[in-house]
Amino acid sequence: MKRLLLSMLLTIPCAYALFAQGVLDQPVSAEFWEVSLEEALYRLGDEHNLRLSFSNDILPPKIITAKFEQRTVGSALGQLLQDTPLRIKELGGQIVIFLPVDLEFTINGILVDGGTGERLIGANIFDNKSGKGTVTNEYGYFSITLPAGPVALDFSYVGYGTLSSDFYLMEDKRLDQQLRSDLQLQPVEVVGHKPRLDPKMIQQGGATQLNMEQLEQLPALAGESDLVRALQLLPGVQSGTDGLDGLHVRGGSNGQNLIMIDGVPVYNISHAAGLFSVFNTNAVKSAQLYKSGFPARFGGRLSSVLDIRTRDGNNQHYEAEASLGLLSGRMTLEGPIQKGKSSFIVSGRRSLIGWYLQPLTESIRSEEDRQSLVDYDFYDINAKLNFTLSERDDLYFSFYTGKDAYRNRTIALDTLFAQDTSVSEPAPFLSSRSALEEMTWGNTVTSMRWTHLFGDQLFASLTASYSGLDVGITYERGDSLTNVRSGSVTDRYISIGRYFSQIDDFGARLDFDYRPSPVQSFRFGLFATRHQFEPGLLSLELVEKSDTLRQPQMQARAISANEFGGYLENIWQVSPEFKVNAGLHLAAFQVDGRTYSSLQPRLIANWSINTRLQLNGYLSKMTQFVHLLSNSTLGLPNDLWVPSTASVKPEQSWQFGLSSTWQFREGWQLTGDLYTK
């Protein structure tokens, strides 16, 4: 009895020491050879009577090969869970393996067309596990921060097949993806689930993305598809006189639209007095029109913003395309400079109107005993180079130039007879009338852009740009009366007019796109532009009979101005159904010793009531520092751009509105908009 009591007394301290030691401090021995993490944990628990608690869903697909002897449980589990985001904790005699709820990692990358390497703008990225998503920016870049653990990403874009990528997220990840054109039907798996909001329905206030493939299918004048004419079909957008004169958005004039090619403003968008636009659809990748709800990154005009991005060129193989229509011919050449790393594209368009116009006018005026030459032509050239310098750096060179030339020359000869007092017969006189009209106008837009990815959430773009407009008009008219017998000129009148206008803009811009979380992102930046305006008129008149010479009169004054400012946008996904874009745009304009400044608040709210119905609200203040003076409704090149001056203030506008989008059945959509401006 005494011996049993003594044994019990000796056992109690040992049991207490073992309990005090803790489960994680117990020694274990095990050996694993190319087994999954799940199997290794089960075997470790079974062989040593350990109570391990975990969910199979949080385990990464890791293969274990390990051997340890007389290691503590904590050390053994630490080796098995090495390079994973999983943590362990002892609770009530059992070991819990868990994934920290506050542990997040960032996935970023570039989304491109798998066939050409073109970057996809506005593509959707959605995680089916967390229900969070994002879209690519104008350079195809995306960034999304998600909880550690399994993710199931869907990459989708209109006209392309959806790409799915399932993996275990346990560190920041670079994920560049390629989408393929959806030309073939893929196997479909039908799975029941709660309907989620289609990200393609989410729009920003009055923004409209133009589908370039559908544009080619719209009815076109003489087979010439035109981007501006397609935009004129939208509600709230009108053309000018007889379908000409560019864009008039919600009562605004043609000069109140901010129209950009690769982020650089262009002043004249019309060929043939508005019959065609300057945008060659073969070179355009995307076009987005904002009629209202302007994001803070845009400014400088009152009525609308048209953001046009040109194609980067195929970086996989060479392609050439040519087409010939009734009114113009087009040709495009593109291909890689270094396959997969750099590419080029050159696209040109030239009109054929002169081929019809010259013989037609010659035929008509020859019947009127007049010699005539009427000619009109225009051309466009788009070119772009892009280079992938590294995984985080890209360099772009973009160029556009276009020009119109019109010429009308007429000579009319008539024989007149007048009574001369010195002779008995009427004297013959030769009457000569001549007229010459020449007009040339054109734009040049060029930019150099460097983009860089800082870390995994901050994308930056630095741009240097030039935009120029040149307009020149010549008018000459002459009348003379010559005595046929004596050869003397009895009367002559000559009128000469010269008109020119020139704009040169040199700009620099720095933009940032910061995406710290899936529900919130920030866009901010700075910009500066040096404007040079040179409008003028030179006229000369000579009347020979009276020996009167009117001196040339020049009415021109070069005006220089500086425009600079910055902006900040906060895009906040308050809930899966409610999204807000709030921002400020600050701009200043220095001219003639005076500085105009403007603080412009912007607010856009999107509420998706369900998968088919969406409501939008917006508030925008806009300021315009340059003005278009027009003496006609045809959008002729003699329209004059002038800046605000010390005596002419900038234009300002406020716009409030509510809009709705109802997709009441597949392929059908009804929109409504109520606004005040």
# chains A, B, ... in the order shown; residues from 1 in each chain; ligands from 1
>>> residues_around(residues="Leu327 (chain A)", least_positions_apart="5", cutoff="12 Å", atoms="only C-alpha atoms", output="ChimeraX atom specification")
/A:220-225,272,275-276,349-357,376-379
>>> select_by_dssp(residues="region 230-410 of chain A", states="alpha helix (DSSP H)", output="JSON, numbers by chain")
{"A": [230, 231, 353, 354, 355, 356, 357, 358, 359, 360, 361, 362, 363, 364, 365, 366]}
>>> residues_around(residues="Ala435 (chain A)", least_positions_apart="4", cutoff="12 Å", atoms="only C-alpha atoms", output="PyMOL selection string")
chain A and resi 370-374+407-412+474-479+493-497
>>> write_last_selection(atoms="C-alpha atoms", output="short mmCIF file (atom, residue, chain, number, x, y, z; two decimals), in the first residue's frame")
data_model
loop_
_atom_site.label_atom_id
_atom_site.label_comp_id
_atom_site.auth_asym_id
_atom_site.auth_seq_id
_atom_site.Cartn_x
_atom_site.Cartn_y
_atom_site.Cartn_z
CA ARG A 370 -15.21 79.44 -118.68
CA GLN A 371 -11.93 77.76 -117.84
CA SER A 372 -12.10 76.16 -114.44
CA LEU A 373 -10.11 73.99 -112.06
CA VAL A 374 -11.74 72.75 -108.86
CA ARG A 407 -8.59 74.97 -104.79
CA ASN A 408 -11.01 76.74 -107.11
CA ARG A 409 -9.62 78.69 -110.10
CA THR A 410 -11.87 80.29 -112.72
CA ILE A 411 -11.09 82.39 -115.80
CA ALA A 412 -13.89 83.90 -117.95
CA THR A 474 -5.92 82.72 -100.07
CA TYR A 475 -8.43 84.75 -102.09
CA GLU A 476 -7.59 86.58 -105.34
CA ARG A 477 -9.92 88.31 -107.77
CA GLY A 478 -9.09 90.31 -110.88
CA ASP A 479 -11.11 92.21 -113.48
CA TYR A 493 -9.02 95.81 -110.48
CA ILE A 494 -7.16 93.32 -108.34
CA SER A 495 -8.20 92.15 -104.87
CA ILE A 496 -5.96 89.89 -102.80
CA GLY A 497 -6.76 88.43 -99.39
#
>>> residues_around(residues="Glu138 (chain A)", least_positions_apart="6", cutoff="9 Å", atoms="only C-alpha atoms", output="JSON, numbers by chain")
{"A": [119, 120, 121, 122, 309]}
>>> write_last_selection(atoms="C-alpha atoms", output="PDB file, in the first residue's frame")
ATOM      1  CA  ARG A 119      -3.830  45.950 -74.679  1.00  0.00           C
ATOM      2  CA  LEU A 120      -7.493  45.682 -73.706  1.00  0.00           C
ATOM      3  CA  ILE A 121      -9.095  48.795 -72.218  1.00  0.00           C
ATOM      4  CA  GLY A 122     -11.965  48.428 -69.749  1.00  0.00           C
ATOM      5  CA  ARG A 309      -7.067  55.551 -78.045  1.00  0.00           C
TER       6      ARG A 309
END
>>> closest_residue(among="A:Asp176, A:Asp375, A:Asp154, A:Asp102", to="Phe142 (chain A)", atoms="only C-alpha atoms")
A:Asp176
>>> closest_atom_pairs(of="region 589-625 of chain A", to="region 653-675 of chain A", cutoff="8 Å", atoms="only C-alpha atoms", output="CSV")
residue,atom,partner,partner_atom,distance
A:Arg612,CA,A:Gln663,CA,4.9
A:Leu613,CA,A:Trp662,CA,4.6
A:Gln614,CA,A:Thr661,CA,5.2
A:Leu615,CA,A:Ser660,CA,4.4
A:Asn616,CA,A:Ser659,CA,5.1
A:Gly617,CA,A:Leu658,CA,4.5
A:Tyr618,CA,A:Gly657,CA,5.5
A:Leu619,CA,A:Phe656,CA,4.6
A:Ser620,CA,A:Gln655,CA,5.2
A:Lys621,CA,A:Trp654,CA,4.5
A:Met622,CA,A:Ser653,CA,5.3
A:Thr623,CA,A:Ser653,CA,6.6
>>> residues_around(residues="Asp57 (chain A)", least_positions_apart="6", cutoff="12 Å", atoms="only C-alpha atoms", output="VMD selection string")
chain A and resid 37 to 38 86 97 to 99 129 148 to 151 167 to 168
>>> write_last_selection(atoms="C-alpha atoms", output="short mmCIF file (atom, residue, chain, number, x, y, z; two decimals), in the first residue's frame")
data_model
loop_
_atom_site.label_atom_id
_atom_site.label_comp_id
_atom_site.auth_asym_id
_atom_site.auth_seq_id
_atom_site.Cartn_x
_atom_site.Cartn_y
_atom_site.Cartn_z
CA LEU A 37 0.10 18.92 -47.30
CA GLU A 38 -3.35 17.60 -46.44
CA LEU A 86 -1.25 29.66 -42.71
CA ILE A 97 -4.52 25.79 -38.39
CA PHE A 98 -6.08 28.94 -39.80
CA LEU A 99 -5.76 31.66 -42.44
CA LYS A 129 -14.52 33.57 -54.19
CA ALA A 148 -4.90 35.22 -48.93
CA GLY A 149 -6.09 31.77 -49.90
CA PRO A 150 -7.85 30.28 -52.90
CA VAL A 151 -9.01 32.70 -55.62
CA PHE A 167 -4.87 29.37 -57.79
CA TYR A 168 -3.84 29.77 -54.17
#
